[in-house]
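Here is my_file.cif, consisting of mmCIF, C-alpha atoms and all ligand atoms:
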data_my_file
loop_
_atom_site.label_atom_id
_atom_site.label_comp_id
_atom_site.auth_asym_id
_atom_site.auth_seq_id
_atom_site.Cartn_x
_atom_site.Cartn_y
_atom_site.Cartn_z
CA MET A 22 -21.70 -11.20 -3.97
CA THR A 23 -21.50 -8.64 -6.79
CA LEU A 24 -19.35 -5.62 -6.09
CA ALA A 25 -19.23 -2.33 -7.93
CA PRO A 26 -15.54 -1.38 -7.97
CA PHE A 27 -14.57 2.18 -6.99
CA ALA A 28 -14.02 3.91 -10.33
CA PHE A 29 -11.53 6.71 -10.98
CA SER A 30 -10.93 9.15 -13.73
CA THR A 31 -7.17 9.35 -14.30
CA PRO A 32 -6.83 9.52 -18.09
CA THR A 33 -5.25 6.50 -19.70
CA PRO A 34 -5.26 5.14 -23.23
CA HIS A 35 -8.19 2.90 -24.00
CA ASP A 36 -7.23 -0.62 -25.03
CA PRO A 37 -9.85 -3.32 -24.45
CA ALA A 38 -7.30 -6.16 -24.47
CA ILE A 39 -5.15 -4.48 -21.81
CA ASP A 40 -8.21 -3.51 -19.78
CA ALA A 41 -9.46 -7.11 -19.76
CA MET A 42 -6.04 -8.46 -18.82
CA VAL A 43 -5.33 -6.06 -15.94
CA ALA A 44 -8.84 -6.41 -14.52
CA ALA A 45 -8.60 -10.20 -14.45
CA LEU A 46 -5.06 -10.56 -13.07
CA PRO A 47 -4.76 -11.45 -9.38
CA LYS A 48 -3.21 -8.83 -7.10
CA VAL A 49 -1.51 -9.01 -3.71
CA SER A 50 -1.45 -5.69 -1.88
CA LEU A 51 1.42 -4.90 0.47
CA HIS A 52 1.42 -1.11 0.33
CA CYS A 53 -2.02 0.38 0.89
CA HIS A 54 -2.78 2.77 3.75
CA LEU A 55 -6.18 2.47 5.40
CA ILE A 56 -6.60 6.23 5.80
CA GLY A 57 -5.52 6.72 2.19
CA SER A 58 -8.05 4.24 0.86
CA VAL A 59 -11.29 5.85 2.06
CA ALA A 60 -13.73 6.80 -0.71
CA ALA A 61 -14.37 10.56 -0.84
CA GLN A 62 -18.11 10.02 -0.41
CA THR A 63 -17.46 8.06 2.80
CA VAL A 64 -15.27 10.89 4.14
CA VAL A 65 -18.08 13.37 3.46
CA GLU A 66 -20.62 11.14 5.23
CA LEU A 67 -18.39 10.52 8.26
CA ALA A 68 -17.58 14.23 8.53
CA ALA A 69 -21.31 15.00 8.60
CA LYS A 70 -21.89 12.26 11.18
CA HIS A 71 -19.29 13.74 13.54
CA GLY A 72 -19.92 17.42 12.77
CA VAL A 73 -16.46 17.92 11.23
CA SER A 74 -16.14 20.77 8.73
CA LEU A 75 -14.50 19.94 5.40
CA ALA A 76 -14.21 23.67 4.63
CA GLY A 77 -16.73 23.47 1.81
CA ARG A 78 -15.07 20.50 0.11
CA THR A 79 -17.40 17.95 -1.48
CA ALA A 80 -16.87 14.35 -2.57
CA GLU A 81 -16.05 15.70 -6.04
CA ASP A 82 -13.17 17.97 -5.04
CA LEU A 83 -11.90 16.50 -1.74
CA TYR A 84 -9.17 14.53 -3.50
CA ASP A 85 -7.77 16.94 -6.04
CA HIS A 86 -4.81 14.64 -6.58
CA HIS A 87 -3.00 16.79 -9.13
CA SER A 88 -2.88 19.68 -6.67
CA TYR A 89 -0.59 18.04 -4.09
CA ALA A 90 2.51 20.19 -4.38
CA ASP A 91 4.54 17.74 -2.34
CA LEU A 92 4.19 14.89 0.15
CA GLY A 93 3.53 17.37 2.97
CA GLU A 94 0.50 18.82 1.21
CA PHE A 95 -0.87 15.35 0.55
CA LEU A 96 -0.31 14.36 4.18
CA ARG A 97 -2.38 17.32 5.42
CA VAL A 98 -5.39 16.01 3.43
CA LEU A 99 -4.67 12.54 4.82
CA ASP A 100 -4.85 14.01 8.33
CA VAL A 101 -8.32 15.42 7.61
CA VAL A 102 -9.50 11.97 6.48
CA GLY A 103 -8.01 10.36 9.60
CA SER A 104 -9.82 12.85 11.81
CA VAL A 105 -13.32 11.78 10.67
CA ILE A 106 -12.81 8.04 11.38
CA ARG A 107 -13.68 7.85 15.07
CA ASP A 108 -15.84 5.03 16.34
CA VAL A 109 -15.82 1.25 15.91
CA ASP A 110 -18.48 1.42 13.18
CA ASP A 111 -16.39 3.95 11.23
CA PHE A 112 -13.30 1.73 11.33
CA HIS A 113 -15.39 -1.28 10.35
CA ARG A 114 -16.91 0.63 7.42
CA VAL A 115 -13.70 2.07 5.95
CA THR A 116 -11.88 -1.26 6.31
CA TYR A 117 -14.73 -3.19 4.71
CA GLU A 118 -15.12 -0.78 1.80
CA SER A 119 -11.38 -0.64 1.17
CA LEU A 120 -11.08 -4.44 1.12
CA THR A 121 -14.19 -5.12 -0.97
CA ALA A 122 -14.91 -2.37 -3.53
CA GLY A 123 -11.28 -1.17 -3.27
CA GLY A 124 -9.68 -4.63 -3.18
CA ALA A 125 -11.56 -7.85 -3.97
CA ALA A 126 -13.46 -6.16 -6.81
CA HIS A 127 -10.06 -5.54 -8.44
CA GLY A 128 -8.81 -9.10 -8.02
CA VAL A 129 -6.89 -8.45 -4.79
CA LEU A 130 -6.60 -11.83 -3.07
CA TYR A 131 -4.70 -10.66 0.00
CA ARG A 132 -3.74 -7.33 1.57
CA GLU A 133 -1.44 -6.27 4.41
CA ILE A 134 -3.23 -3.06 5.42
CA GLN A 135 -1.01 -0.23 6.61
CA LEU A 136 -2.67 1.36 9.66
CA SER A 137 -1.63 4.71 11.12
CA PRO A 138 -2.85 4.98 14.73
CA PRO A 139 -1.24 8.44 15.13
CA GLY A 140 -3.49 9.61 12.26
CA HIS A 141 -6.50 9.18 14.59
CA PRO A 142 -5.24 11.17 17.58
CA ASP A 143 -8.36 10.81 19.74
CA VAL A 144 -8.98 7.13 19.12
CA PRO A 145 -7.68 4.57 21.64
CA TYR A 146 -5.73 1.84 19.81
CA PRO A 147 -8.00 -1.03 21.04
CA ARG A 148 -11.06 0.75 19.61
CA LEU A 149 -9.34 1.19 16.27
CA LEU A 150 -8.34 -2.49 16.23
CA ALA A 151 -11.87 -3.67 17.12
CA GLY A 152 -13.44 -1.88 14.16
CA VAL A 153 -10.70 -2.76 11.68
CA VAL A 154 -10.63 -6.45 12.60
CA SER A 155 -14.42 -6.78 12.33
CA GLY A 156 -14.24 -5.08 8.91
CA MET A 157 -11.53 -7.53 7.83
CA ARG A 158 -13.62 -10.52 8.93
CA ALA A 159 -16.75 -9.27 7.19
CA ALA A 160 -14.81 -8.58 3.97
CA ARG A 161 -13.35 -12.06 4.04
CA ALA A 162 -16.74 -13.67 4.66
CA ASP A 163 -18.36 -11.74 1.80
CA THR A 164 -15.60 -11.83 -0.84
CA GLY A 165 -12.83 -14.23 0.22
CA ILE A 166 -10.18 -11.49 0.49
CA ASP A 167 -7.74 -12.26 3.30
CA SER A 168 -5.81 -9.54 5.15
CA ARG A 169 -3.37 -8.72 7.94
CA LEU A 170 -2.24 -5.48 9.59
CA VAL A 171 0.97 -3.45 9.61
CA VAL A 172 1.04 -0.68 12.24
CA GLY A 173 2.75 2.48 10.98
CA ILE A 174 4.93 4.74 13.10
CA ASN A 175 4.65 8.44 12.20
CA ARG A 176 8.29 9.38 11.52
CA GLU A 177 7.59 13.09 12.01
CA ARG A 178 7.24 12.34 15.74
CA SER A 179 9.97 11.45 18.23
CA GLY A 180 11.79 8.17 18.76
CA ALA A 181 10.11 7.98 22.20
CA ASP A 182 6.64 8.25 20.59
CA ALA A 183 7.60 5.38 18.30
CA VAL A 184 8.66 3.20 21.21
CA ALA A 185 5.38 4.01 22.98
CA LEU A 186 3.39 2.92 19.92
CA VAL A 187 5.26 -0.38 19.65
CA GLU A 188 4.67 -0.96 23.38
CA GLU A 189 0.97 -0.44 22.77
CA VAL A 190 0.98 -2.88 19.84
CA VAL A 191 2.70 -5.44 22.05
CA ALA A 192 0.31 -4.83 24.96
CA HIS A 193 -2.68 -5.46 22.67
CA ARG A 194 -1.09 -8.19 20.57
CA ILE A 195 -3.43 -9.98 18.16
CA ASP A 196 -2.63 -12.46 15.37
CA GLU A 197 -3.84 -10.07 12.67
CA VAL A 198 -1.03 -7.60 13.41
CA VAL A 199 2.01 -9.07 11.70
CA GLY A 200 4.42 -6.14 11.58
CA ILE A 201 5.24 -2.46 11.87
CA GLY A 202 6.04 0.24 9.31
CA LEU A 203 7.36 3.80 9.19
CA ASP A 204 5.42 6.43 7.27
CA TYR A 205 4.89 10.19 6.79
CA ALA A 206 7.63 12.48 5.50
CA GLU A 207 11.13 11.02 5.34
CA VAL A 208 12.72 14.51 5.28
CA ASN A 209 11.30 15.13 8.76
CA GLY A 210 12.21 11.72 10.21
CA PRO A 211 15.41 9.97 9.16
CA PRO A 212 15.24 6.23 9.81
CA GLY A 213 18.07 6.20 12.35
CA ARG A 214 15.75 7.90 14.86
CA PHE A 215 13.68 4.72 15.14
CA VAL A 216 16.24 2.04 15.89
CA GLU A 217 15.01 1.48 19.45
CA ALA A 218 11.35 1.09 18.39
CA PHE A 219 12.26 -1.32 15.60
CA GLN A 220 14.50 -3.38 17.88
CA LEU A 221 11.66 -3.63 20.39
CA ALA A 222 9.33 -4.82 17.63
CA ALA A 223 11.92 -7.40 16.56
CA ARG A 224 12.18 -8.75 20.10
CA HIS A 225 8.44 -9.32 20.04
CA GLY A 226 8.49 -11.17 16.73
CA LEU A 227 6.99 -8.39 14.62
CA GLU A 228 8.09 -8.06 10.99
CA ARG A 229 9.40 -4.66 9.87
CA THR A 230 9.14 -2.41 6.84
CA ALA A 231 9.66 1.33 6.30
CA HIS A 232 9.01 3.95 3.67
CA SER A 233 12.02 5.26 1.78
CA GLU A 234 10.75 7.46 -1.01
CA SER A 235 12.77 10.66 -1.21
CA GLY A 236 15.76 9.63 0.88
CA PRO A 237 19.22 8.64 -0.35
CA PRO A 238 20.21 5.00 -0.98
CA ALA A 239 22.11 5.07 2.32
CA HIS A 240 18.73 5.11 4.08
CA ILE A 241 18.02 1.70 2.58
CA ARG A 242 21.19 0.39 4.22
CA THR A 243 19.95 1.82 7.56
CA LEU A 244 16.59 0.09 7.05
CA LEU A 245 18.23 -3.27 6.45
CA ASP A 246 21.09 -3.13 8.95
CA ASP A 247 19.80 -1.00 11.84
CA LEU A 248 16.01 -1.32 11.64
CA GLY A 249 16.08 -4.97 10.52
CA CYS A 250 13.52 -4.40 7.77
CA SER A 251 12.64 -7.37 5.58
CA ARG A 252 10.93 -5.09 3.04
CA VAL A 253 11.25 -1.50 1.80
CA ASP A 254 8.24 0.66 0.88
CA HIS A 255 8.94 2.50 -2.42
CA GLY A 256 12.78 2.54 -2.27
CA TYR A 257 13.16 4.03 -5.76
CA HIS A 258 16.57 5.54 -5.05
CA VAL A 259 18.14 2.12 -4.53
CA VAL A 260 19.11 2.10 -8.21
CA ASP A 261 21.29 5.19 -7.67
CA ASP A 262 23.77 2.97 -5.82
CA PRO A 263 25.08 -0.13 -7.63
CA ASP A 264 26.47 -1.71 -4.45
CA ILE A 265 23.21 -1.45 -2.52
CA THR A 266 21.30 -2.60 -5.59
CA ALA A 267 23.53 -5.67 -5.91
CA ARG A 268 23.08 -6.46 -2.25
CA CYS A 269 19.27 -6.13 -2.45
CA VAL A 270 19.20 -8.38 -5.52
CA ALA A 271 21.36 -10.98 -3.76
CA GLU A 272 19.25 -10.86 -0.59
CA ARG A 273 16.02 -10.63 -2.58
CA VAL A 274 14.82 -7.61 -0.59
CA PRO A 275 11.26 -6.73 -1.71
CA PHE A 276 10.40 -3.16 -2.76
CA THR A 277 6.69 -2.28 -2.59
CA CYS A 278 6.39 0.20 -5.46
CA THR A 279 3.30 2.32 -6.12
CA PRO A 280 3.41 3.63 -9.71
CA VAL A 281 0.58 6.16 -9.83
CA SER A 282 0.95 7.70 -6.35
CA SER A 283 4.71 7.94 -6.75
CA ASP A 284 4.40 9.53 -10.17
CA ILE A 285 1.96 12.18 -8.96
CA GLY A 286 3.96 12.66 -5.77
CA ARG A 287 7.19 12.63 -7.78
CA TYR A 288 8.82 10.42 -5.12
CA SER A 289 10.48 8.51 -7.90
CA GLY A 290 11.92 11.73 -9.28
CA SER A 291 10.03 11.57 -12.57
CA GLY A 292 6.41 12.71 -12.45
CA ASP A 293 6.26 12.26 -16.22
CA GLY A 294 4.43 8.95 -16.45
CA THR A 295 7.48 7.03 -17.69
CA HIS A 296 7.91 4.95 -14.51
CA HIS A 297 11.52 4.59 -15.49
CA ARG A 298 12.75 3.84 -11.98
CA ILE A 299 10.36 0.91 -11.65
CA ARG A 300 11.63 -0.33 -15.01
CA GLU A 301 15.26 0.05 -13.84
CA MET A 302 14.48 -1.78 -10.60
CA VAL A 303 12.83 -4.70 -12.41
CA ASP A 304 15.61 -4.81 -15.02
CA ALA A 305 18.24 -4.83 -12.23
CA GLY A 306 16.67 -8.03 -10.92
CA LEU A 307 15.16 -6.50 -7.77
CA CYS A 308 12.06 -8.06 -6.18
CA VAL A 309 9.42 -5.44 -7.08
CA THR A 310 5.79 -5.56 -5.97
CA ILE A 311 3.00 -3.20 -7.12
CA ASP A 312 0.28 -1.47 -5.14
CA SER A 313 -1.69 1.78 -4.99
CA ASP A 314 -0.53 3.40 -1.70
CA ASP A 315 -3.51 5.75 -1.18
CA PRO A 316 -5.77 4.74 -4.09
CA PRO A 317 -8.69 7.24 -4.25
CA MET A 318 -6.49 10.07 -3.03
CA PHE A 319 -4.27 9.59 -6.09
CA GLY A 320 -7.07 8.73 -8.53
CA THR A 321 -6.02 5.13 -8.85
CA ASP A 322 -6.95 1.57 -7.87
CA PRO A 323 -5.20 -1.81 -8.06
CA THR A 324 -6.36 -2.48 -11.63
CA HIS A 325 -5.33 0.98 -12.78
CA ASP A 326 -1.79 0.67 -11.41
CA PHE A 327 -1.34 -2.52 -13.46
CA ARG A 328 -2.88 -0.81 -16.49
CA VAL A 329 -0.51 2.13 -16.22
CA LEU A 330 2.52 -0.19 -16.06
CA SER A 331 1.28 -2.19 -19.01
CA HIS A 332 1.05 0.98 -21.11
CA ALA A 333 4.23 2.68 -19.85
CA LEU A 334 6.52 -0.36 -19.69
CA GLY A 335 4.87 -2.70 -22.18
CA TYR A 336 4.29 -5.40 -19.58
CA GLY A 337 2.02 -8.28 -20.54
CA ARG A 338 0.33 -10.95 -18.50
CA ASP A 339 3.44 -12.86 -17.44
CA GLN A 340 5.40 -9.79 -16.33
CA LEU A 341 2.45 -8.41 -14.35
CA ALA A 342 1.72 -11.82 -12.82
CA GLN A 343 5.38 -11.99 -11.73
CA LEU A 344 4.85 -8.77 -9.74
CA THR A 345 2.02 -10.54 -7.90
CA PHE A 346 4.17 -13.64 -7.35
CA ASN A 347 6.90 -11.36 -5.93
CA ALA A 348 4.35 -9.94 -3.48
CA ILE A 349 3.39 -13.47 -2.42
CA ASP A 350 7.07 -14.20 -1.71
CA ALA A 351 7.35 -10.89 0.17
CA CYS A 352 4.21 -11.14 2.29
CA TRP A 353 4.21 -12.02 5.97
CA LEU A 354 1.93 -15.04 5.90
CA ASP A 355 3.22 -18.32 7.28
CA GLU A 356 4.50 -20.84 4.75
CA SER A 357 1.35 -22.90 4.45
CA ASP A 358 -0.87 -19.84 3.92
CA ARG A 359 1.69 -18.50 1.44
CA ARG A 360 1.50 -21.75 -0.56
CA ASP A 361 -2.30 -21.58 -0.57
CA LEU A 362 -2.19 -17.98 -1.77
CA ARG A 363 0.24 -18.90 -4.55
CA ALA A 364 -2.04 -21.75 -5.66
CA ARG A 365 -5.02 -19.37 -5.80
CA ALA A 366 -3.01 -16.84 -7.80
CA ASP A 367 -1.73 -19.52 -10.22
CA THR A 368 -5.28 -20.67 -10.89
CA VAL A 369 -6.45 -17.14 -11.67
CA VAL A 370 -3.44 -16.33 -13.89
CA ALA A 371 -4.02 -19.49 -15.92
CA GLY A 372 -7.42 -18.16 -16.98
CA VAL A 373 -6.26 -14.66 -17.95
CA PRO A 374 -5.83 -13.80 -21.64
CA ASP A 375 -2.62 -11.93 -22.52
CA ARG A 376 -3.04 -8.45 -24.00
CA HIS A 377 -2.30 -9.74 -27.48
CA THR A 378 -5.29 -12.07 -27.41
CA THR A 379 -8.03 -10.45 -29.44
CA LEU A 380 -11.44 -10.45 -27.86
CA GLU A 381 -13.15 -9.84 -31.18
CA ASP A 382 -14.98 -12.52 -33.12
CA PRO A 383 -12.59 -13.26 -36.05
CA SER A 384 -15.48 -14.13 -38.44
N1 LIG B 1 1.16 7.75 4.47
C1 LIG B 1 0.25 7.48 3.55
N2 LIG B 1 0.79 7.48 2.35
C2 LIG B 1 2.09 7.77 2.52
C3 LIG B 1 3.15 7.91 1.65
N3 LIG B 1 3.02 7.73 0.34
N4 LIG B 1 4.34 8.22 2.17
C4 LIG B 1 4.48 8.37 3.48
N5 LIG B 1 3.53 8.24 4.35
C5 LIG B 1 2.32 7.93 3.86
ZN ZN B 2 2.90 4.58 1.50
#

Output the file's structure as structure tokens, nothing else.
Ligand code: ADE
Ligand code: ZN
Amino acid sequence: MTLAPFAFSTPTPHDPAIDAMVAALPKVSLHCHLIGSVAAQTVVELAAKHGVSLAGRTAEDLYDHHSYADLGEFLRVLDVVGSVIRDVDDFHRVTYESLTAGGAAHGVLYREIQLSPPGHPDVPYPRLLAGVVSGMRAARADTGIDSRLVVGINRERSGADAVALVEEVVAHRIDEVVGIGLDYAEVNGPPGRFVEAFQLAARHGLERTAHSESGPPAHIRTLLDDLGCSRVDHGYHVVDDPDITARCVAERVPFTCTPVSSDIGRYSGSGDGTHHRIREMVDAGLCVTIDSDDPPMFGTDPTHDFRVLSHALGYGRDQLAQLTFNAIDACWLDESDRRDLRARADTVVAGVPDRHTTLEDPS
């Protein structure tokens, strides 16, 4: 099947050798939110279908990604997107589009989709699951992309709400759901509030991750010791604390970094395109993975995030491929599926020219 990839307009230097390399490299996606990955045109069509007003916004200006003043402002747009995804067909459609044009077309072999049930307040969880799972199956049948689900707790709500969500996940347990996460604004929901929900998830064999974007390095200790997380989403402030950094290196704790969204959102403290925290994390020996977070909402896609790192940090094929291998180590597949995924990725990498390889005819 031929897929037209979603295309975005974030300016970046033009270099055909880098473009060819980053397009061809295999990707493994551990930090991509379903609500954040809906194409603007799809939002407009679903809003019309359900009679939801977008206050005059069109597909062209719905995602004005440079106008998010902070995470809160971005999250309010995310809530609008969540509100137009309502029936089983909608969930099927957004999942399918995100995994195919937004994933497989960029060389994504496998994704653990971050779902946010609280972002669809009027949708019963079983309905959401039915549409998402059928979208996952159709995407796999058409493109080969495999996927699993991570159910996100909204940290701006109470600890009791979080427990109730985990109870619902457990009551409707399916193999596709491999873990839980913790998203929305860290300033409004410190991780310690969610110990009970995470312990409940652990007792039911669910893996655990949580966002730590703006919070202090001490939050990472809470994630590991109290919430039992085996991964950290973002986690840029780890490098502010040498002891926690050393521990995370020794324990090979994965950090799912998202260069473009974090730069625009300034979660990494820079916002200047240098991606210096990601460089520091890699140089410190941390297990870093790369993804797009909320791709169209931040004007990015899986290929573009690799491209940006190649330009900003000078990474070539082997360094970028290592980020994919890290994600394979960090993913929540069982060992035999993980080995198969690694074999697929190795095969693809072997056929990718490095950025120094000239594509021009030397004659
Ligand atoms: N939900 C979607 N994207 C998010 C992000 N970057 N941080 C927190 N919650 C999110
Ligand atoms: Zn995120």

### Task
Would you mind reading off the distance between CA of Thr295 in chain A and CA of Ser251 in chain A, one decimal, in Å?
27.8 Å

I'd like the box whose edges run along x, y and z of the file and which contains every listed atom of ligand LIG 1 (chain B), padded by 3 Å per side; could you state its centre and edge lengths in Å, one decimal, as AutoDock Vina command-line options?
--center_x 2.4 --center_y 7.9 --center_z 2.4 --size_x 10.2 --size_y 6.9 --size_z 10.1

### Task
State, in Å with one decimal place, the distance from CA of Tyr205 in chain A to atom N2 of ligand LIG 1 (chain B).
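Taking CA of Tyr205 in chain A as the start and atom N2 of ligand LIG 1 (chain B) as the end point, the length is 6.6 Å.
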
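Near Asp85 in chain A, within 12 Å and counting only C-alpha atoms, sit Phe29, Ser30, Thr31, Ala61, Arg78, Thr79, Ala80, Glu81, Asp82, Ser88, Tyr89, Ala90, Glu94, Phe95, Val98, Ile285, Pro317, Met318, Phe319 and Gly320 of chain A, not including residues fewer than 3 positions from it in the same chain.
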
Include C-alpha atoms and write out the residues we just selected as a compact mmCIF listing (two decimals), keeping the file's coordinate frame.
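Listed below is the output, out-v3.txt:
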# COMPACT_ATOMS: atom_id res chain seq x y z
CA PHE A 29 -11.53 6.71 -10.98
CA SER A 30 -10.93 9.15 -13.73
CA THR A 31 -7.17 9.35 -14.30
CA ALA A 61 -14.37 10.56 -0.84
CA ARG A 78 -15.07 20.50 0.11
CA THR A 79 -17.40 17.95 -1.48
CA ALA A 80 -16.87 14.35 -2.57
CA GLU A 81 -16.05 15.70 -6.04
CA ASP A 82 -13.17 17.97 -5.04
CA SER A 88 -2.88 19.68 -6.67
CA TYR A 89 -0.59 18.04 -4.09
CA ALA A 90 2.51 20.19 -4.38
CA GLU A 94 0.50 18.82 1.21
CA PHE A 95 -0.87 15.35 0.55
CA VAL A 98 -5.39 16.01 3.43
CA ILE A 285 1.96 12.18 -8.96
CA PRO A 317 -8.69 7.24 -4.25
CA MET A 318 -6.49 10.07 -3.03
CA PHE A 319 -4.27 9.59 -6.09
CA GLY A 320 -7.07 8.73 -8.53

### Task
Using all atoms listed in the file, find each protein or nucleic acid residue lying at most 6 Å from ligand LIG 1 (chain B); present the set as a PyMOL selection string.
chain A and resi 54+57+204-206+314-315
